[in-house]
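Containing mmCIF, C-alpha atoms, pLDDT in the B column; chains and numbers go by the auth columns: final.cif.
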```cif
data_input
loop_
_atom_site.group_PDB
_atom_site.id
_atom_site.type_symbol
_atom_site.label_atom_id
_atom_site.label_comp_id
_atom_site.label_asym_id
_atom_site.label_seq_id
_atom_site.Cartn_x
_atom_site.Cartn_y
_atom_site.Cartn_z
_atom_site.B_iso_or_equiv
_atom_site.auth_seq_id
_atom_site.auth_asym_id
ATOM 1 C CA TYR A 1 87.680 148.312 60.853 82.00 17 A
ATOM 2 C CA SER A 2 88.204 144.585 60.797 84.00 18 A
ATOM 3 C CA VAL A 3 91.034 142.387 59.629 88.00 19 A
ATOM 4 C CA PRO A 4 90.977 138.606 59.171 88.00 20 A
ATOM 5 C CA TYR A 5 91.062 136.950 62.610 83.00 21 A
ATOM 6 C CA ARG A 6 94.416 135.248 61.955 87.00 22 A
ATOM 7 C CA TYR A 7 96.058 138.716 62.143 88.00 23 A
ATOM 8 C CA ILE A 8 94.837 139.423 65.687 84.00 24 A
ATOM 9 C CA GLY A 9 97.737 140.696 67.787 88.00 25 A
ATOM 10 C CA LYS A 10 99.951 141.384 64.770 91.00 26 A
ATOM 11 C CA ARG A 11 101.268 144.785 63.822 92.00 27 A
ATOM 12 C CA VAL A 12 99.554 146.228 60.746 94.00 28 A
ATOM 13 C CA LYS A 13 99.822 149.420 58.733 94.00 29 A
ATOM 14 C CA ILE A 14 96.713 151.450 57.944 93.00 30 A
ATOM 15 C CA ILE A 15 96.507 153.705 54.909 93.00 31 A
ATOM 16 C CA TYR A 16 93.337 155.718 54.535 92.00 32 A
ATOM 17 C CA SER A 17 91.906 158.389 52.302 93.00 33 A
ATOM 18 C CA HIS A 18 88.699 160.334 52.313 91.00 34 A
ATOM 19 C CA ASN A 19 86.726 157.344 50.960 92.00 35 A
ATOM 20 C CA GLN A 20 88.615 154.153 51.795 94.00 36 A
ATOM 21 C CA VAL A 21 90.743 152.324 54.353 93.00 37 A
ATOM 22 C CA GLU A 22 93.418 149.789 53.436 94.00 38 A
ATOM 23 C CA ILE A 23 95.170 147.591 55.993 94.00 39 A
ATOM 24 C CA TYR A 24 98.531 145.941 55.292 95.00 40 A
ATOM 25 C CA ASN A 25 100.623 143.308 57.027 94.00 41 A
ATOM 26 C CA GLY A 26 104.098 143.671 55.633 91.00 42 A
ATOM 27 C CA TYR A 27 103.576 144.370 51.954 91.00 43 A
ATOM 28 C CA GLU A 28 100.378 142.353 51.678 93.00 44 A
ATOM 29 C CA ARG A 29 96.992 144.097 51.729 94.00 45 A
ATOM 30 C CA ILE A 30 94.892 142.053 54.148 93.00 46 A
ATOM 31 C CA ALA A 31 91.749 144.219 54.298 92.00 47 A
ATOM 32 C CA PHE A 32 89.947 146.940 52.396 92.00 48 A
ATOM 33 C CA HIS A 33 86.945 148.934 53.650 91.00 49 A
ATOM 34 C CA GLU A 34 84.897 151.839 52.424 90.00 50 A
ATOM 35 C CA ARG A 35 85.460 154.569 54.987 89.00 51 A
ATOM 36 C CA ASP A 36 82.663 154.926 57.507 85.00 52 A
ATOM 37 C CA ARG A 37 82.393 158.335 59.162 83.00 53 A
ATOM 38 C CA LYS A 38 80.085 157.197 61.987 80.00 54 A
ATOM 39 C CA ALA A 39 81.711 157.984 65.346 78.00 55 A
ATOM 40 C CA PHE A 40 82.607 154.942 67.487 70.00 56 A
ATOM 41 C CA GLY A 41 81.076 152.589 64.917 72.00 57 A
ATOM 42 C CA TYR A 42 82.383 149.246 63.749 73.00 58 A
ATOM 43 C CA THR A 43 82.954 148.037 60.220 77.00 59 A
ATOM 44 C CA THR A 44 83.361 144.285 60.272 76.00 60 A
ATOM 45 C CA LEU A 45 83.286 141.901 57.347 77.00 61 A
ATOM 46 C CA LYS A 46 81.768 138.492 58.054 74.00 62 A
ATOM 47 C CA ASP A 47 84.701 136.779 56.325 79.00 63 A
ATOM 48 C CA HIS A 48 87.108 138.291 58.861 78.00 64 A
ATOM 49 C CA LEU A 49 85.479 136.488 61.790 73.00 65 A
ATOM 50 C CA PRO A 50 86.380 132.947 62.860 74.00 66 A
ATOM 51 C CA SER A 51 83.703 130.436 61.890 70.00 67 A
ATOM 52 C CA SER A 52 82.711 130.046 65.544 65.00 68 A
ATOM 53 C CA HIS A 53 81.682 133.736 65.622 65.00 69 A
ATOM 54 C CA GLN A 54 80.088 134.085 62.195 62.00 70 A
ATOM 55 C CA PHE A 55 76.736 132.642 63.276 64.00 71 A
ATOM 56 C CA VAL A 56 76.370 135.418 65.897 66.00 72 A
ATOM 57 C CA LEU A 57 76.027 138.057 63.175 66.00 73 A
ATOM 58 C CA ASP A 58 72.577 136.689 62.357 73.00 74 A
ATOM 59 C CA TRP A 59 71.316 137.286 65.894 80.00 75 A
ATOM 60 C CA HIS A 60 68.765 140.047 66.462 84.00 76 A
ATOM 61 C CA PRO A 61 65.920 140.552 68.961 88.00 77 A
ATOM 62 C CA GLU A 62 63.208 139.444 66.512 91.00 78 A
ATOM 63 C CA LYS A 63 64.979 136.118 65.978 91.00 79 A
ATOM 64 C CA PHE A 64 64.843 135.356 69.713 92.00 80 A
ATOM 65 C CA LEU A 65 61.257 136.563 70.072 94.00 81 A
ATOM 66 C CA ASN A 66 60.111 134.366 67.164 94.00 82 A
ATOM 67 C CA TRP A 67 61.992 131.371 68.581 93.00 83 A
ATOM 68 C CA ALA A 68 60.393 131.977 71.994 95.00 84 A
ATOM 69 C CA ALA A 69 56.908 132.399 70.484 95.00 85 A
ATOM 70 C CA ASP A 70 57.235 128.927 68.945 95.00 86 A
ATOM 71 C CA ILE A 71 57.634 127.533 72.479 95.00 87 A
ATOM 72 C CA GLY A 72 54.925 129.532 74.251 95.00 88 A
ATOM 73 C CA PRO A 73 53.587 132.967 75.224 96.00 89 A
ATOM 74 C CA SER A 74 55.245 133.041 78.662 95.00 90 A
ATOM 75 C CA VAL A 75 58.608 132.191 77.130 95.00 91 A
ATOM 76 C CA LYS A 76 58.143 135.026 74.637 96.00 92 A
ATOM 77 C CA SER A 77 57.237 137.474 77.430 96.00 93 A
ATOM 78 C CA LEU A 78 60.264 136.436 79.478 96.00 94 A
ATOM 79 C CA ILE A 79 62.639 136.792 76.496 95.00 95 A
ATOM 80 C CA ALA A 80 61.145 140.230 75.760 95.00 96 A
ATOM 81 C CA GLY A 81 61.845 141.179 79.391 95.00 97 A
ATOM 82 C CA VAL A 82 65.418 139.885 79.190 94.00 98 A
ATOM 83 C CA LEU A 83 66.008 141.968 76.051 92.00 99 A
ATOM 84 C CA GLN A 84 64.514 145.085 77.685 92.00 100 A
ATOM 85 C CA ILE A 85 66.465 145.063 80.953 90.00 101 A
ATOM 86 C CA LYS A 86 69.839 145.383 79.217 83.00 102 A
ATOM 87 C CA ALA A 87 71.070 148.735 77.921 79.00 103 A
ATOM 88 C CA HIS A 88 71.856 147.087 74.572 78.00 104 A
ATOM 89 C CA PRO A 89 69.977 144.003 73.306 76.00 105 A
ATOM 90 C CA GLU A 90 73.258 142.368 72.261 79.00 106 A
ATOM 91 C CA GLN A 91 74.175 142.052 75.942 81.00 107 A
ATOM 92 C CA ALA A 92 71.148 139.801 76.482 87.00 108 A
ATOM 93 C CA TYR A 93 71.706 137.377 73.599 88.00 109 A
ATOM 94 C CA LYS A 94 73.674 134.857 75.654 88.00 110 A
ATOM 95 C CA SER A 95 70.916 134.723 78.303 91.00 111 A
ATOM 96 C CA CYS A 96 68.275 134.342 75.595 93.00 112 A
ATOM 97 C CA VAL A 97 70.118 131.441 73.984 92.00 113 A
ATOM 98 C CA GLY A 98 70.534 129.815 77.399 94.00 114 A
ATOM 99 C CA ILE A 99 66.860 130.109 78.304 95.00 115 A
ATOM 100 C CA LEU A 100 65.647 128.911 74.913 95.00 116 A
ATOM 101 C CA SER A 101 68.055 125.971 74.892 94.00 117 A
ATOM 102 C CA LEU A 102 66.459 124.725 78.122 95.00 118 A
ATOM 103 C CA ALA A 103 63.517 123.590 75.970 94.00 119 A
ATOM 104 C CA LYS A 104 65.714 120.781 74.602 93.00 120 A
ATOM 105 C CA LYS A 105 66.702 119.589 78.080 92.00 121 A
ATOM 106 C CA ALA A 106 63.475 120.084 80.021 92.00 122 A
ATOM 107 C CA GLY A 107 60.839 120.150 77.297 93.00 123 A
ATOM 108 C CA GLN A 108 58.746 122.995 75.947 95.00 124 A
ATOM 109 C CA GLN A 109 55.864 122.546 78.390 95.00 125 A
ATOM 110 C CA ARG A 110 58.108 122.621 81.468 95.00 126 A
ATOM 111 C CA LEU A 111 59.964 125.655 80.108 95.00 127 A
ATOM 112 C CA GLU A 112 56.660 127.452 79.526 95.00 128 A
ATOM 113 C CA LEU A 113 55.610 126.795 83.148 94.00 129 A
ATOM 114 C CA ALA A 114 59.025 127.834 84.483 95.00 130 A
ATOM 115 C CA CYS A 115 58.837 131.085 82.527 95.00 131 A
ATOM 116 C CA GLN A 116 55.358 131.739 83.979 93.00 132 A
ATOM 117 C CA ARG A 117 56.849 131.354 87.447 92.00 133 A
ATOM 118 C CA ALA A 118 59.806 133.643 86.623 93.00 134 A
ATOM 119 C CA LEU A 119 57.432 136.273 85.195 93.00 135 A
ATOM 120 C CA TYR A 120 55.343 136.132 88.386 89.00 136 A
ATOM 121 C CA TYR A 121 58.463 137.052 90.372 88.00 137 A
ATOM 122 C CA GLN A 122 59.620 139.518 87.701 91.00 138 A
ATOM 123 C CA SER A 123 62.980 137.782 87.517 92.00 139 A
ATOM 124 C CA TYR A 124 64.275 137.947 83.962 94.00 140 A
ATOM 125 C CA SER A 125 67.361 135.741 84.048 93.00 141 A
ATOM 126 C CA TYR A 126 68.658 132.404 82.832 94.00 142 A
ATOM 127 C CA ARG A 127 69.661 131.431 86.368 95.00 143 A
ATOM 128 C CA THR A 128 66.131 131.865 87.718 94.00 144 A
ATOM 129 C CA VAL A 129 64.559 129.727 84.998 95.00 145 A
ATOM 130 C CA LYS A 130 67.240 127.050 85.338 95.00 146 A
ATOM 131 C CA ASN A 131 66.802 126.908 89.142 94.00 147 A
ATOM 132 C CA ILE A 132 63.027 126.584 88.778 93.00 148 A
ATOM 133 C CA LEU A 133 63.493 123.685 86.368 94.00 149 A
ATOM 134 C CA ASP A 134 66.258 122.003 88.391 94.00 150 A
ATOM 135 C CA LYS A 135 64.135 122.033 91.548 92.00 151 A
ATOM 136 C CA GLY A 136 60.875 121.127 89.795 90.00 152 A
ATOM 137 C CA LEU A 137 59.160 124.260 91.082 88.00 153 A
ATOM 138 C CA GLU A 138 57.312 124.926 87.837 87.00 154 A
ATOM 139 C CA GLU A 139 54.706 122.281 88.776 85.00 155 A
ATOM 140 C CA TRP A 140 53.952 123.621 92.261 79.00 156 A
ATOM 141 C CA PRO A 141 50.701 125.585 92.661 75.00 157 A
ATOM 142 C CA GLN A 142 51.101 129.336 93.053 67.00 158 A
ATOM 143 C CA GLU A 143 49.241 129.300 96.387 62.00 159 A
ATOM 144 C CA VAL A 144 52.111 127.364 98.006 58.00 160 A
ATOM 145 C CA PHE A 145 54.567 130.162 97.226 58.00 161 A
ATOM 146 C CA SER A 146 52.129 132.896 98.198 58.00 162 A
ATOM 147 C CA SER A 147 51.622 131.354 101.646 55.00 163 A
ATOM 148 C CA LEU A 148 55.376 130.920 102.146 55.00 164 A
ATOM 149 C CA ALA A 149 55.947 134.613 101.486 57.00 165 A
ATOM 150 C CA GLN A 150 53.544 135.742 104.237 62.00 166 A
ATOM 151 C CA THR A 151 54.948 136.428 107.695 64.00 167 A
ATOM 152 C CA PRO A 152 53.240 134.376 110.402 66.00 168 A
ATOM 153 C CA THR A 153 51.512 136.306 113.187 71.00 169 A
ATOM 154 C CA HIS A 154 52.481 135.664 116.791 74.00 170 A
ATOM 155 C CA SER A 155 53.328 137.671 119.930 74.00 171 A
ATOM 156 C CA ASN A 156 57.052 137.919 119.128 76.00 172 A
ATOM 157 C CA ILE A 157 56.451 139.973 115.966 74.00 173 A
ATOM 158 C CA ARG A 158 56.383 143.705 116.741 76.00 174 A
ATOM 159 C CA GLY A 159 55.063 145.026 113.424 71.00 175 A
ATOM 160 C CA LYS A 160 55.667 148.379 111.744 76.00 176 A
ATOM 161 C CA ALA A 161 53.865 150.390 114.490 79.00 177 A
ATOM 162 C CA TYR A 162 56.603 149.459 116.958 80.00 178 A
ATOM 163 C CA TYR A 163 59.207 151.420 114.959 81.00 179 A
ATOM 164 C CA GLN A 164 57.187 154.655 114.596 77.00 180 A
#
```

Would you mind giving the structure from this file in structure tokens?
Amino acid sequence: YSVPYRYIGKRVKIIYSHNQVEIYNGYERIAFHERDRKAFGYTTLKDHLPSSHQFVLDWHPEKFLNWAADIGPSVKSLIAGVLQIKAHPEQAYKSCVGILSLAKKAGQQRLELACQRALYYQSYSYRTVKNILDKGLEEWPQEVFSSLAQTPTHSNIRGKAYYQ
């Protein structure tokens, strides 16, 4: 159960009944909640959060997917991948905001190309997209990277048969 953020770290008294929870600091009631019986759940009132945290309550996966779709299909696919690789979508929100904010710095077209490159390598992270943009790799043809990944053949390479 939440209390107004200015009471963080202060000692409070909790009085609860079957249906309600009241929280006091001294003799002043600072919070009142209907009792929630859900195990390990949170009951937080938006007014209890500092203003810098209140905007986060409006975040949800659909918001990020819609924002990404406005930029391009590869950006949407990458954001969907970022949301899927975390156990809880909330853990991915910071990465999503970071990736989507790159559109302001680099432009939507460059971000779309960078996300295509990141999807090709199946790397769903802010750092990957940022590195691609910082190094200008989004413009390079895919064939250049494919040829770099191949091992050259020469007499010094033993191959997998050598280790059998």

I need the output of the PyMOL selection byres ((chain A and resi 33) around 12) for this file as number ranges by chain; which residues are they?
A: 30-32, 34-39, 48-53

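Minimum atom-to-atom distance to A:Gln100, evaluated using only C-alpha atoms, belongs to A:Leu81 out of A:Leu129, A:Ala134, A:Leu81, A:Leu61.
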
Counting only C-alpha atoms, what is within 8 Å of A:Val91, bar same-chain residues fewer than 5 positions away, as a VMD selection string?
chain A and resid 84 to 85 127 to 128 131 to 132

Closest to A:Ile101 among A:Trp156, A:Tyr140, A:Tyr178, A:Tyr21, using all atoms listed in the file?
A:Tyr140

From the set A:Asn41, A:Ser93, A:Ser171, A:Thr144, which residue has the shortest atom-to-atom contact distance to A:Leu118, counting only C-alpha atoms?
A:Thr144

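Atom CA of A:Ala47 sits 29.5 Å away from atom CA of A:Lys110.
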
List the residues matched by the PyMOL selection byres ((chain A and resi 96) around 12) in the displayed structure as a short mmCIF file (atom, residue, chain, number, x, y, z; two decimals) with C-alpha atoms, in the frame of the given file, ordered by chain and then by residue number.
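selection.cif was written with the following content:
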```cif
data_model
loop_
_atom_site.label_atom_id
_atom_site.label_comp_id
_atom_site.auth_asym_id
_atom_site.auth_seq_id
_atom_site.Cartn_x
_atom_site.Cartn_y
_atom_site.Cartn_z
CA PRO A 77 65.92 140.55 68.96
CA GLU A 78 63.21 139.44 66.51
CA LYS A 79 64.98 136.12 65.98
CA PHE A 80 64.84 135.36 69.71
CA LEU A 81 61.26 136.56 70.07
CA ASN A 82 60.11 134.37 67.16
CA TRP A 83 61.99 131.37 68.58
CA ALA A 84 60.39 131.98 71.99
CA ALA A 85 56.91 132.40 70.48
CA PRO A 89 53.59 132.97 75.22
CA SER A 90 55.24 133.04 78.66
CA VAL A 91 58.61 132.19 77.13
CA LYS A 92 58.14 135.03 74.64
CA SER A 93 57.24 137.47 77.43
CA LEU A 94 60.26 136.44 79.48
CA ILE A 95 62.64 136.79 76.50
CA GLY A 97 61.84 141.18 79.39
CA VAL A 98 65.42 139.88 79.19
CA LEU A 99 66.01 141.97 76.05
CA GLN A 100 64.51 145.08 77.68
CA ILE A 101 66.46 145.06 80.95
CA LYS A 102 69.84 145.38 79.22
CA PRO A 105 69.98 144.00 73.31
CA ALA A 108 71.15 139.80 76.48
CA TYR A 109 71.71 137.38 73.60
CA SER A 111 70.92 134.72 78.30
CA CYS A 112 68.28 134.34 75.60
CA ILE A 115 66.86 130.11 78.30
CA CYS A 131 58.84 131.08 82.53
CA LEU A 135 57.43 136.27 85.20
CA TYR A 140 64.28 137.95 83.96
CA SER A 141 67.36 135.74 84.05
#
```

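You can rank A:Gly152, A:Ser139, A:Arg22, A:Glu106 by their closest distance to A:Ser67 using only C-alpha atoms, and at the top of that list sits A:Arg22.
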
Could you check how far atom CA of A:Arg133 sits from atom CA of A:Asn147, in Å to one decimal?
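We find that atom CA of A:Arg133 and atom CA of A:Asn147 lie 11.0 Å from each other.
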
To one decimal place, how far is atom CA of A:His104 from atom CA of A:Leu149 in Å?
27.5 Å

Give the answer as one residue: which of A:Val19, A:Ile87, A:Ala177, A:Ala103 has the shortest atom-to-atom distance to A:Asp63, using only C-alpha atoms?
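Nearest to A:Asp63: A:Val19.
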
Given the choices A:Phe56, A:Lys146, A:Arg27, A:Val113, which gets closest to A:Trp75 if the distance is worked out from all atoms listed in the file?
A:Val113
